[in-house]
There are 2 protein chains.
Amino acid sequence: MKQSHLFGRTLREAPADAQTPGTQLMLRAAIARPLAAGLYTWLPLGFRVAQKVEQIIREEQDRIGAQEIRIPVITPAEYWKETGRWDTLEPVTFRTKDHGGHEYMIGYTHEELVMHHARNEILSYRQLPMMVYHFQEKGRDEQRARAGLLRTREFVMKDAYSLDKDWEGLDKQYWAQHGAYAKSFERMGLNAISVESDTGNMGGDVAHEFQVLTDVGEDRIIFCTNCDYRANMEKATRKLPPAAAAPGNVPAFRPISTPGITSIEALTASLKIDAKDLLKTLLMKDAAGNVVAIVMPGDRELNEPKLRKLLKTSDVKFAGEADFAAVGGVAGFVGPIGLNTRSRKTRVLVDSSVEAKPYVAGANKMDTHFDNVLLERDFTGEVVDVHDVREGDACPKCGGAVTIKRGVEVGNIFKFGPYYADKMNATYEAEDGTRKPLMFGSYGIGIGRAVQTIMETSHDAKGIIWPLAVAPFQVHVVALLGKDETVTAEADKLVADLEAAGVEVLYDDRDDSAGVKFADADLIGIPFRLTVSARTLKESSIELKGRTEEKGVMIPRGWIIAKVRDLIGDRRA
Amino acid sequence: MKQSHLFGRTLREAPADAQTPGTQLMLRAAIARPLAAGLYTWLPLGFRVAQKVEQIIREEQDRIGAQEIRIPVITPAEYWKETGRWDTLEPVTFRTKDHGGHEYMIGYTHEELVMHHARNEILSYRQLPMMVYHFQEKGRDEQRARAGLLRTREFVMKDAYSLDKDWEGLDKQYWAQHGAYAKSFERMGLNAISVESDTGNMGGDVAHEFQVLTDVGEDRIIFCTNCDYRANMEKATRKLPPAAAAPGNVPAFRPISTPGITSIEALTASLKIDAKDLLKTLLMKDAAGNVVAIVMPGDRELNEPKLRKLLKTSDVKFAGEADFAAVGGVAGFVGPIGLNTRSRKTRVLVDSSVEAKPYVAGANKMDTHFDNVLLERDFTGEVVDVHDVREGDACPKCGGAVTIKRGVEVGNIFKFGPYYADKMNATYEAEDGTRKPLMFGSYGIGIGRAVQTIMETSHDAKGIIWPLAVAPFQVHVVALLGKDETVTAEADKLVADLEAAGVEVLYDDRDDSAGVKFADADLIGIPFRLTVSARTLKESSIELKGRTEEKGVMIPRGWIIAKVRDLIGDRRA
């Protein structure tokens, strides 16, 4: 491929809004271009990377016996309505209608569609197990499209689906996918670790994510510093301190005047107490508008995914003024005592981090708090775990101290069991002649996010450093034309010889300076650079430089093809 | 691949609404399954065919220097608005909005998007020519989705786009694509011929279609029986008879009473004249609501695509009652004389097939016609060609008789020139320092339609006959289990040996009768069938049968791998 005619030009500077180092390089190296917020076109260099990533995944899916299919992007509403996701996914999906008024979703994932086909195609236990997958565009109306290809509104996902007779079969295929994922990420140069995760709007209960640790990641991953426990913050728990007996000598709670003091910070400063000795009470609303009161220590943070899961809702937000009035909460002074929860049927959730000790808490009266507020004695509620684990908390597995790192989720796997089959009446005839539900699992990898994560984790100040297995080309031939006309002829010959040997070559034939060409080569990040110039010709050699090496070495022209084949691991005779 | 666990089961009967032989086979052989009208999922067998078709096209695109990219399915309205196609394509496209209210089209094609990227990436003539392509889902809200994958509402298209400095460069790339298309169709087993075609809603002027002749086709193709002229009916013309001088001795037209006689048939029967001696006058309306009157002989048919092109409109339909009243036309008795065209600015189009001879025509008065109506003397209008060519008409090139055949359009290529660049302000810096428009062409092949056309044109009463190059598998191993337990072991070993030799094998390991298994093998249509049974084992042989052969032959087990490799054209050592 001649660089002079390559579709997509390199940029000297990244646009000002490029948020991460990898995004800047992605745009500068002409990997992809935006069409609108969160919508990107793969340019030829990026497409070649994406295709190699796809092929690695395909090979690992085929290896575990998954069968490739292809389901449309435009998916009829009727199947989504069977599981209720037509409604719950509305905020994050694109919808369309045909001219006859029928409704469709641009596929968010494809569980419902696979299950629909499965219930028609699978009649008997003799056909099980099965596993299918496809590579297909997904549409997601993300409010926070960000960081180039890390979070987009349309992307190709490899989504696989397993179908089994029973939990044992599902478990086997689930772990086969886990292994295929580990191998796929390793082959594409990503150091991904699997962590327990929340199932979010997917349904089901058991799930793992593959996380690549990097500061640009949005996810927070909890690691034990002592054992192998790791989990996404959305799901992580901690070992609570042993429950203490409630102290018997605590005086009754009484009001204290706290005029205009509505924040934790102001309260700790004014009362000279620690945040951990305060209770905060959050009034939240689920997607259906039900209000819940959550009581937790002032030094702990609410974990929204845990709360959503607990409430079985797709969304939670802070309650509004009308809600405060209705339950008798006074903004800034809300507390667990005296909330009008009975008539309104407002649930009171007491986070498990609240201990049996006296706290300061809001009095539900303007400018007033109570002190000496005691759980059980003064208020009660459902005890639940909806708080964030934090640095130094005790590991739920071994009690050791946990630490937190940032990660990008590059893949996820879900063990649904009969969840979808029950909703969609998808059964097969079992050995004993009865109808049983198809056991289901699903397994996803986003191609664009994987490519972006490679750029985020494999680059230097000069540009991208592509792992050989996914590099857009294996070799970058740079011809320094200068005044010597024989350089072009020699470079043309070198490129032809390399291509005849099956090597993928980007050929910089442009009439530019050595500085511009070397800078572009470093930016684009192809693993090996071969330079042809008047100087190398004089020595009957070619200069070979690895992308991460400081200096090149001269290789005699006669040896170069064999040398390159060796470097790219071509073992053919 | 074990057939017992294949996703997708064969059907004994096709659904009653399967319209064509190929559609029936597509459904029965589990190639694809509908999700809704015009929306199909590729099952594993079909996906493998589609992937091979795609790879053939990819190789031929790469061979002519086209660069693969990938543009999203969800395309922002703003680019379509630049060319006006946001409005004109509305009736045939799917639209969506994000939660911020921005509008998008599910890509109908991708000209506007490529041109947008091109105007940003291409600065100078030094970068030209370029050619890019992608394989991407297209959405088209077809009213008449039909015949399985022949006309669907979502399908993957390979669309390529050429960018050039001038007409000469465009011409070169246009014909390079023409060659790549011819080669691609040949490789996938389709006998496609190229014909001149209309550009429809694509814009531009020069276009060719690749047509595969088959009775299930919707297109009508005109062929000269004497020379190489061929063209789609939408575009075809004919050589008109030499213009005769208007006869001088025709009496003035006069009314004749035709009570209740409103059809051509009734008129010819009642007046005992030929349809060719009548004039019919059609009142039609364009997309903007403008009415035109079209005058043509009673024995000729209106060609709507020609009329749309002439009127530069996306749609024409018959005028309504109000339009008739406004121009003074009386339904059933409309004629060219006395139409109130001046005040209403209604255009009168006289089709070029109207000759200089006396006709009978409607009198724009209830129950009345005129006879002796003469063009020029009694009425005039713009002379245009808006009639269908018919069997036996004179070829426009050589005057020979033309004939008509039905075809499926499997590919089309368009030479736009500066059409899109002018609308989208897409220019490059030319050698002389001026800005010039990017010359543009586009080139499309629908994958699903190609696969369906193969099935329509390559089958027999028993099933599909896949050409080797696109067959889902190369070999179908059928194990007749019977009572001999060694059959399974031998068949397993045969499949393992074949797969180790790089042969693609579907392995019928099901516990079914020979009749069921052979019928399925014929239905699925894999080129070579290998049968293992107690009988073949006794002879230490395998039965080999080509899909189109009546009987199999016994091949010694020791020779079978070499024999199969020879049959599938594997030339590796």
# chains A, B, ... in the order shown; residues from 1 in each chain; ligands from 1
$ closest_atom_pairs --of "chain B" --to "chain A" --cutoff "7 Å" --atoms "only C-alpha atoms" --output "JSON lines"
{"residue": "B:Ser4", "atom": "CA", "partner": "A:Gln127", "partner_atom": "CA", "distance": 5.6}
{"residue": "B:His5", "atom": "CA", "partner": "A:Gln127", "partner_atom": "CA", "distance": 4.8}
{"residue": "B:Phe7", "atom": "CA", "partner": "A:Glu121", "partner_atom": "CA", "distance": 6.8}
{"residue": "B:Gly8", "atom": "CA", "partner": "A:Glu121", "partner_atom": "CA", "distance": 5.2}
{"residue": "B:Arg9", "atom": "CA", "partner": "A:Glu121", "partner_atom": "CA", "distance": 5.8}
{"residue": "B:Ala36", "atom": "CA", "partner": "A:Pro76", "partner_atom": "CA", "distance": 6.9}
{"residue": "B:Leu39", "atom": "CA", "partner": "A:Pro72", "partner_atom": "CA", "distance": 6.8}
{"residue": "B:Tyr40", "atom": "CA", "partner": "A:Pro72", "partner_atom": "CA", "distance": 6.7}
{"residue": "B:Thr41", "atom": "CA", "partner": "A:Ile71", "partner_atom": "CA", "distance": 4.4}
{"residue": "B:Trp42", "atom": "CA", "partner": "A:Arg70", "partner_atom": "CA", "distance": 5.0}
{"residue": "B:Leu43", "atom": "CA", "partner": "A:Ile69", "partner_atom": "CA", "distance": 5.1}
{"residue": "B:Pro44", "atom": "CA", "partner": "A:Ile69", "partner_atom": "CA", "distance": 5.0}
{"residue": "B:Phe47", "atom": "CA", "partner": "A:Ile69", "partner_atom": "CA", "distance": 5.5}
{"residue": "B:Gln67", "atom": "CA", "partner": "A:Pro44", "partner_atom": "CA", "distance": 6.1}
{"residue": "B:Glu68", "atom": "CA", "partner": "A:Pro44", "partner_atom": "CA", "distance": 5.6}
{"residue": "B:Ile69", "atom": "CA", "partner": "A:Pro44", "partner_atom": "CA", "distance": 5.0}
{"residue": "B:Arg70", "atom": "CA", "partner": "A:Trp42", "partner_atom": "CA", "distance": 5.0}
{"residue": "B:Ile71", "atom": "CA", "partner": "A:Thr41", "partner_atom": "CA", "distance": 4.4}
{"residue": "B:Pro72", "atom": "CA", "partner": "A:Thr41", "partner_atom": "CA", "distance": 6.2}
{"residue": "B:Pro76", "atom": "CA", "partner": "A:Ala36", "partner_atom": "CA", "distance": 6.9}
{"residue": "B:Phe94", "atom": "CA", "partner": "A:Asp98", "partner_atom": "CA", "distance": 6.3}
{"residue": "B:Arg95", "atom": "CA", "partner": "A:Thr96", "partner_atom": "CA", "distance": 5.9}
{"residue": "B:Thr96", "atom": "CA", "partner": "A:Thr96", "partner_atom": "CA", "distance": 5.1}
{"residue": "B:Lys97", "atom": "CA", "partner": "A:Phe94", "partner_atom": "CA", "distance": 6.8}
{"residue": "B:Asp98", "atom": "CA", "partner": "A:Asp141", "partner_atom": "CA", "distance": 6.3}
{"residue": "B:Glu121", "atom": "CA", "partner": "A:Gly8", "partner_atom": "CA", "distance": 5.2}
{"residue": "B:Gln127", "atom": "CA", "partner": "A:His5", "partner_atom": "CA", "distance": 4.8}
{"residue": "B:Leu128", "atom": "CA", "partner": "A:His5", "partner_atom": "CA", "distance": 6.4}
{"residue": "B:Met130", "atom": "CA", "partner": "A:His5", "partner_atom": "CA", "distance": 6.2}
{"residue": "B:Asp141", "atom": "CA", "partner": "A:Asp98", "partner_atom": "CA", "distance": 6.3}
{"residue": "B:Glu154", "atom": "CA", "partner": "A:Pro72", "partner_atom": "CA", "distance": 6.9}
$ select_by_dssp --residues "stretch 185-388 of chain B" --states "helix (DSSP H, G or I)" --output "JSON list (two decimals) with N, CA, C and O atoms, in the first residue's frame"
[["chain", "number", "residue", "atom", "x", "y", "z"],
["B", 185, "PHE", "N", -18.36, -12.05, -9.88],
["B", 185, "PHE", "CA", -19.57, -12.87, -10.12],
["B", 185, "PHE", "C", -19.19, -14.21, -10.74],
["B", 185, "PHE", "O", -19.76, -15.24, -10.39],
["B", 186, "GLU", "N", -18.23, -14.17, -11.62],
["B", 186, "GLU", "CA", -17.80, -15.43, -12.24],
["B", 186, "GLU", "C", -17.29, -16.39, -11.16],
["B", 186, "GLU", "O", -17.63, -17.56, -11.14],
["B", 187, "ARG", "N", -16.45, -15.85, -10.26],
["B", 187, "ARG", "CA", -15.87, -16.70, -9.22],
["B", 187, "ARG", "C", -16.93, -17.31, -8.30],
["B", 187, "ARG", "O", -16.75, -18.40, -7.77],
["B", 200, "GLY", "N", -31.60, 6.28, -11.19],
["B", 200, "GLY", "CA", -32.60, 6.34, -10.11],
["B", 200, "GLY", "C", -32.32, 7.46, -9.12],
["B", 200, "GLY", "O", -31.97, 8.57, -9.54],
["B", 201, "ASN", "N", -32.46, 7.16, -7.83],
["B", 201, "ASN", "CA", -32.28, 8.20, -6.81],
["B", 201, "ASN", "C", -30.82, 8.40, -6.40],
["B", 201, "ASN", "O", -30.53, 9.02, -5.40],
["B", 202, "MET", "N", -29.89, 7.87, -7.21],
["B", 202, "MET", "CA", -28.48, 8.00, -6.87],
["B", 202, "MET", "C", -27.87, 9.27, -7.42],
["B", 202, "MET", "O", -26.82, 9.70, -6.97],
["B", 264, "ILE", "N", -59.40, 1.30, -23.23],
["B", 264, "ILE", "CA", -58.85, 1.04, -24.56],
["B", 264, "ILE", "C", -59.55, -0.18, -25.17],
["B", 264, "ILE", "O", -59.94, -0.16, -26.34],
["B", 265, "GLU", "N", -59.73, -1.20, -24.34],
["B", 265, "GLU", "CA", -60.32, -2.44, -24.85],
["B", 265, "GLU", "C", -61.74, -2.19, -25.36],
["B", 265, "GLU", "O", -62.12, -2.63, -26.45],
["B", 266, "ALA", "N", -62.55, -1.48, -24.56],
["B", 266, "ALA", "CA", -63.93, -1.23, -24.93],
["B", 266, "ALA", "C", -63.99, -0.38, -26.21],
["B", 266, "ALA", "O", -64.83, -0.59, -27.10],
["B", 267, "LEU", "N", -63.06, 0.56, -26.30],
["B", 267, "LEU", "CA", -63.04, 1.49, -27.43],
["B", 267, "LEU", "C", -62.68, 0.76, -28.73],
["B", 267, "LEU", "O", -63.32, 0.97, -29.78],
["B", 268, "THR", "N", -61.67, -0.09, -28.64],
["B", 268, "THR", "CA", -61.28, -0.81, -29.86],
["B", 268, "THR", "C", -62.38, -1.76, -30.29],
["B", 268, "THR", "O", -62.65, -1.91, -31.48],
["B", 269, "ALA", "N", -63.07, -2.36, -29.33],
["B", 269, "ALA", "CA", -64.14, -3.29, -29.68],
["B", 269, "ALA", "C", -65.32, -2.54, -30.29],
["B", 269, "ALA", "O", -65.89, -2.96, -31.31],
["B", 270, "SER", "N", -65.63, -1.41, -29.70],
["B", 270, "SER", "CA", -66.81, -0.67, -30.15],
["B", 270, "SER", "C", -66.57, 0.02, -31.50],
["B", 270, "SER", "O", -67.42, -0.01, -32.38],
["B", 271, "LEU", "N", -65.39, 0.61, -31.67],
["B", 271, "LEU", "CA", -65.12, 1.36, -32.90],
["B", 271, "LEU", "C", -64.47, 0.48, -33.96],
["B", 271, "LEU", "O", -64.23, 0.92, -35.09],
["B", 275, "ALA", "N", -55.71, -0.66, -31.13],
["B", 275, "ALA", "CA", -55.24, 0.19, -30.03],
["B", 275, "ALA", "C", -54.19, 1.18, -30.51],
["B", 275, "ALA", "O", -54.09, 2.30, -30.04],
["B", 276, "LYS", "N", -53.42, 0.79, -31.52],
["B", 276, "LYS", "CA", -52.35, 1.68, -31.99],
["B", 276, "LYS", "C", -52.92, 2.90, -32.71],
["B", 276, "LYS", "O", -52.18, 3.84, -32.98],
["B", 277, "ASP", "N", -54.22, 2.90, -33.04],
["B", 277, "ASP", "CA", -54.83, 4.04, -33.70],
["B", 277, "ASP", "C", -55.59, 4.93, -32.72],
["B", 277, "ASP", "O", -56.28, 5.87, -33.11],
["B", 304, "GLU", "N", -42.38, 4.36, -16.14],
["B", 304, "GLU", "CA", -42.32, 5.32, -15.02],
["B", 304, "GLU", "C", -40.91, 5.79, -14.69],
["B", 304, "GLU", "O", -40.72, 6.98, -14.41],
["B", 305, "PRO", "N", -39.90, 4.90, -14.68],
["B", 305, "PRO", "CA", -38.55, 5.41, -14.38],
["B", 305, "PRO", "C", -38.11, 6.49, -15.38],
["B", 305, "PRO", "O", -37.49, 7.48, -14.99],
["B", 306, "LYS", "N", -38.42, 6.30, -16.65],
["B", 306, "LYS", "CA", -38.06, 7.35, -17.63],
["B", 306, "LYS", "C", -38.78, 8.65, -17.31],
["B", 306, "LYS", "O", -38.21, 9.73, -17.41],
["B", 307, "LEU", "N", -40.07, 8.54, -16.95],
["B", 307, "LEU", "CA", -40.84, 9.74, -16.63],
["B", 307, "LEU", "C", -40.28, 10.44, -15.39],
["B", 307, "LEU", "O", -40.11, 11.67, -15.37],
["B", 308, "ARG", "N", -39.95, 9.65, -14.35],
["B", 308, "ARG", "CA", -39.38, 10.24, -13.12],
["B", 308, "ARG", "C", -38.10, 10.98, -13.44],
["B", 308, "ARG", "O", -37.85, 12.08, -12.94],
["B", 309, "LYS", "N", -37.27, 10.37, -14.26],
["B", 309, "LYS", "CA", -35.99, 10.99, -14.58],
["B", 309, "LYS", "C", -36.23, 12.30, -15.34],
["B", 309, "LYS", "O", -35.62, 13.32, -15.05],
["B", 310, "LEU", "N", -37.16, 12.25, -16.31],
["B", 310, "LEU", "CA", -37.48, 13.44, -17.11],
["B", 310, "LEU", "C", -37.98, 14.57, -16.22],
["B", 310, "LEU", "O", -37.61, 15.74, -16.39],
["B", 311, "LEU", "N", -38.82, 14.23, -15.26],
["B", 311, "LEU", "CA", -39.42, 15.24, -14.38],
["B", 311, "LEU", "C", -38.52, 15.57, -13.20],
["B", 311, "LEU", "O", -38.86, 16.42, -12.37],
["B", 321, "GLU", "N", -58.93, 13.33, -8.48],
["B", 321, "GLU", "CA", -60.13, 13.99, -9.04],
["B", 321, "GLU", "C", -59.99, 15.49, -9.14],
["B", 321, "GLU", "O", -60.37, 16.11, -10.15],
["B", 322, "ALA", "N", -59.42, 16.11, -8.12],
["B", 322, "ALA", "CA", -59.28, 17.56, -8.11],
["B", 322, "ALA", "C", -58.39, 18.01, -9.26],
["B", 322, "ALA", "O", -58.64, 19.05, -9.89],
["B", 323, "ASP", "N", -57.35, 17.22, -9.53],
["B", 323, "ASP", "CA", -56.45, 17.57, -10.63],
["B", 323, "ASP", "C", -57.19, 17.48, -11.97],
["B", 323, "ASP", "O", -57.01, 18.32, -12.85],
["B", 324, "PHE", "N", -58.01, 16.46, -12.12],
["B", 324, "PHE", "CA", -58.78, 16.31, -13.36],
["B", 324, "PHE", "C", -59.66, 17.53, -13.57],
["B", 324, "PHE", "O", -59.69, 18.13, -14.64],
["B", 325, "ALA", "N", -60.35, 17.91, -12.52],
["B", 325, "ALA", "CA", -61.26, 19.04, -12.62],
["B", 325, "ALA", "C", -60.49, 20.31, -12.99],
["B", 325, "ALA", "O", -60.91, 21.08, -13.86],
["B", 326, "ALA", "N", -59.35, 20.49, -12.36],
["B", 326, "ALA", "CA", -58.59, 21.73, -12.57],
["B", 326, "ALA", "C", -58.09, 21.87, -14.00],
["B", 326, "ALA", "O", -58.07, 22.98, -14.55],
["B", 327, "VAL", "N", -57.70, 20.78, -14.63],
["B", 327, "VAL", "CA", -57.19, 20.91, -16.00],
["B", 327, "VAL", "C", -58.28, 20.62, -17.03],
["B", 327, "VAL", "O", -58.01, 20.64, -18.23],
["B", 341, "THR", "N", -54.42, 23.76, -20.09],
["B", 341, "THR", "CA", -53.04, 23.65, -19.65],
["B", 341, "THR", "C", -52.37, 25.00, -19.48],
["B", 341, "THR", "O", -51.40, 25.12, -18.76],
["B", 342, "ARG", "N", -52.89, 26.01, -20.14],
["B", 342, "ARG", "CA", -52.18, 27.28, -20.11],
["B", 342, "ARG", "C", -52.26, 27.95, -18.74],
["B", 342, "ARG", "O", -51.27, 28.29, -18.13],
["B", 343, "SER", "N", -53.48, 28.06, -18.21],
["B", 343, "SER", "CA", -53.63, 28.78, -16.94],
["B", 343, "SER", "C", -53.00, 27.98, -15.80],
["B", 343, "SER", "O", -52.48, 28.53, -14.85],
["B", 344, "ARG", "N", -53.06, 26.65, -15.89],
["B", 344, "ARG", "CA", -52.54, 25.83, -14.81],
["B", 344, "ARG", "C", -51.07, 25.49, -14.98],
["B", 344, "ARG", "O", -50.50, 24.80, -14.17]]
$ atom_distance --atom1 "atom CA of B:Ile465" --atom2 "atom CA of A:Glu59"
28.3 Å
$ residues_around --residues "stretch 257-260 of chain A" --least-positions-apart "2" --cutoff "8 Å" --atoms "only C-alpha atoms" --output "list in words"
Pro255, Thr262, Leu267, Met366, Asp367, Thr368 and His369 of chain A
$ select_by_dssp --residues "stretch 158-300 of chain B" --states "strand (DSSP E)" --output "PyMOL selection string"
chain B and resi 158-164+192-196+206-213+219-224+230-232+254-257+279-286+291-297
$ atom_distance --atom1 "atom CA of B:Lys165" --atom2 "atom CA of B:Pro418"
9.9 Å
$ atom_distance --atom1 "atom CA of A:Ala500" --atom2 "atom CA of A:Arg557"
15.6 Å
$ closest_residue --among "B:Asp198, B:Asp286, B:Asp512, B:Asp378" --to "B:Val360" --atoms "only C-alpha atoms"
B:Asp378
$ closest_residue --among "B:Gln19, B:Asn412, B:Asn340, B:Gln51" --to "B:Ala180" --atoms "only C-alpha atoms"
B:Asn412
$ residues_around --residues "A:Trp80" --least-positions-apart "6" --cutoff "10 Å" --atoms "only C-alpha atoms" --output "ChimeraX atom specification"
/A:86-89,104-105,107,110-113,424
$ write_last_selection --atoms "N, CA and C atoms" --output "compact mmCIF listing (two decimals), in the first residue's frame"
# COMPACT_ATOMS: atom_id res chain seq x y z
N TRP A 86 -37.76 -3.97 26.12
CA TRP A 86 -38.18 -2.89 25.23
C TRP A 86 -38.33 -1.60 26.03
N ASP A 87 -38.89 -1.73 27.24
CA ASP A 87 -39.06 -0.55 28.09
C ASP A 87 -37.79 -0.19 28.85
N THR A 88 -37.16 -1.19 29.50
CA THR A 88 -36.04 -0.83 30.38
C THR A 88 -34.84 -0.31 29.60
N LEU A 89 -34.69 -0.72 28.36
CA LEU A 89 -33.52 -0.26 27.59
C LEU A 89 -33.79 1.06 26.86
N TYR A 104 -38.98 -0.88 15.85
CA TYR A 104 -37.73 -1.63 15.88
C TYR A 104 -36.73 -0.94 16.80
N MET A 105 -35.80 -1.74 17.32
CA MET A 105 -34.68 -1.19 18.08
C MET A 105 -33.41 -1.50 17.28
N GLY A 107 -30.23 -2.97 17.49
CA GLY A 107 -29.85 -3.95 18.51
C GLY A 107 -28.86 -3.41 19.55
N HIS A 110 -28.10 -8.94 21.49
CA HIS A 110 -28.99 -9.77 20.68
C HIS A 110 -29.53 -11.00 21.42
N GLU A 111 -29.59 -10.96 22.75
CA GLU A 111 -30.08 -12.11 23.51
C GLU A 111 -31.47 -12.56 23.03
N GLU A 112 -32.41 -11.61 22.96
CA GLU A 112 -33.79 -11.96 22.63
C GLU A 112 -33.89 -12.60 21.24
N LEU A 113 -33.06 -12.12 20.33
CA LEU A 113 -33.14 -12.62 18.95
C LEU A 113 -32.57 -14.04 18.87
N MET A 424 -39.28 -16.09 27.67
CA MET A 424 -39.59 -16.24 26.25
C MET A 424 -40.15 -17.62 25.91
$ residues_around --residues "B:Pro437" --least-positions-apart "4" --cutoff "6 Å" --atoms "only C-alpha atoms" --output "ChimeraX atom specification"
/B:418,421,426-427
$ residues_around --residues "stretch 542-551 of chain A" --least-positions-apart "6" --cutoff "8 Å" --atoms "only C-alpha atoms" --output "compact mmCIF listing (two decimals) with N, CA, C and O atoms, in the first residue's frame"
# COMPACT_ATOMS: atom_id res chain seq x y z
N ILE A 465 2.45 2.04 19.54
CA ILE A 465 3.35 0.89 19.40
C ILE A 465 2.47 -0.33 19.22
O ILE A 465 2.00 -0.92 20.19
N ASP A 522 6.83 6.72 13.31
CA ASP A 522 6.71 6.52 14.76
C ASP A 522 5.26 6.70 15.21
O ASP A 522 4.77 5.97 16.07
N GLY A 525 3.20 3.69 14.06
CA GLY A 525 3.57 2.63 15.00
C GLY A 525 3.65 1.21 14.46
O GLY A 525 3.43 0.24 15.20
N ILE A 526 3.97 1.06 13.18
CA ILE A 526 4.16 -0.28 12.61
C ILE A 526 5.43 -0.88 13.22
O ILE A 526 6.42 -0.17 13.41
N PRO A 527 5.44 -2.19 13.54
CA PRO A 527 6.53 -2.76 14.34
C PRO A 527 7.93 -2.60 13.75
O PRO A 527 8.88 -2.37 14.50
N PHE A 528 8.07 -2.74 12.43
CA PHE A 528 9.41 -2.68 11.85
C PHE A 528 9.47 -1.64 10.74
O PHE A 528 8.59 -1.59 9.88
N ARG A 529 10.54 -0.83 10.78
CA ARG A 529 10.73 0.20 9.76
C ARG A 529 11.95 -0.15 8.94
O ARG A 529 13.02 -0.45 9.49
N LEU A 530 11.81 -0.13 7.63
CA LEU A 530 12.94 -0.36 6.72
C LEU A 530 13.17 0.94 5.94
O LEU A 530 12.25 1.43 5.27
N THR A 531 14.37 1.48 6.04
CA THR A 531 14.66 2.73 5.34
C THR A 531 15.58 2.49 4.15
O THR A 531 16.59 1.79 4.28
N VAL A 532 15.19 3.04 3.01
CA VAL A 532 16.01 2.99 1.80
C VAL A 532 16.40 4.42 1.48
O VAL A 532 15.54 5.29 1.38
N THR A 536 22.01 4.15 2.40
CA THR A 536 21.91 2.69 2.55
C THR A 536 22.28 2.00 1.24
O THR A 536 22.86 0.92 1.24
N ARG A 557 21.32 -6.10 1.78
CA ARG A 557 20.12 -6.24 0.97
C ARG A 557 19.75 -7.70 0.72
O ARG A 557 18.58 -8.08 0.75
N ILE A 560 17.77 -9.25 3.70
CA ILE A 560 16.68 -8.53 4.36
C ILE A 560 15.35 -9.29 4.36
O ILE A 560 14.60 -9.28 5.36
$ residues_around --residues "stretch 205-208 of chain B" --least-positions-apart "2" --cutoff "10 Å" --atoms "only C-alpha atoms" --output "PDB file with C-alpha atoms, in the first residue's frame"
ATOM      1  CA  TYR B 174     -15.122   2.855 -13.356  1.00  0.00           C
ATOM      2  CA  HIS B 178     -16.582  -3.195 -14.058  1.00  0.00           C
ATOM      3  CA  ILE B 193     -24.037  -9.639 -17.779  1.00  0.00           C
ATOM      4  CA  SER B 194     -23.673  -5.885 -17.649  1.00  0.00           C
ATOM      5  CA  VAL B 195     -26.410  -3.669 -19.050  1.00  0.00           C
ATOM      6  CA  GLU B 196     -26.944   0.082 -19.245  1.00  0.00           C
ATOM      7  CA  SER B 197     -29.192   1.245 -16.450  1.00  0.00           C
ATOM      8  CA  ASP B 198     -30.982   4.195 -14.972  1.00  0.00           C
ATOM      9  CA  THR B 199     -29.328   6.034 -12.064  1.00  0.00           C
ATOM     10  CA  GLY B 200     -32.602   6.341 -10.111  1.00  0.00           C
ATOM     11  CA  MET B 202     -28.479   7.997  -6.873  1.00  0.00           C
ATOM     12  CA  GLY B 203     -27.896  11.045  -9.059  1.00  0.00           C
ATOM     13  CA  PHE B 210     -24.924  -6.619 -13.598  1.00  0.00           C
ATOM     14  CA  GLN B 211     -27.919  -8.810 -14.310  1.00  0.00           C
ATOM     15  CA  ALA B 231     -30.234  -2.287 -21.397  1.00  0.00           C
ATOM     16  CA  ASN B 232     -32.597  -2.316 -18.468  1.00  0.00           C
ATOM     17  CA  GLU B 409     -29.673  -7.055 -10.566  1.00  0.00           C
ATOM     18  CA  GLY B 411     -24.526  -5.331  -8.805  1.00  0.00           C
ATOM     19  CA  ASN B 412     -24.548  -1.779 -10.041  1.00  0.00           C
ATOM     20  CA  ILE B 413     -21.934   0.849 -10.793  1.00  0.00           C
ATOM     21  CA  PHE B 414     -22.464   4.590 -11.090  1.00  0.00           C
ATOM     22  CA  LYS B 415     -20.335   7.278 -12.681  1.00  0.00           C
ATOM     23  CA  PHE B 416     -21.282  10.492 -10.906  1.00  0.00           C
ATOM     24  CA  GLY B 417     -18.556  12.884 -12.022  1.00  0.00           C
ATOM     25  CA  TYR B 419     -22.355  15.644  -8.953  1.00  0.00           C
ATOM     26  CA  GLY B 441     -18.147   7.006  -8.664  1.00  0.00           C
ATOM     27  CA  SER B 442     -19.871   4.348  -6.575  1.00  0.00           C
ATOM     28  CA  TYR B 443     -20.128   0.594  -6.935  1.00  0.00           C
TER      29      TYR B 443
END
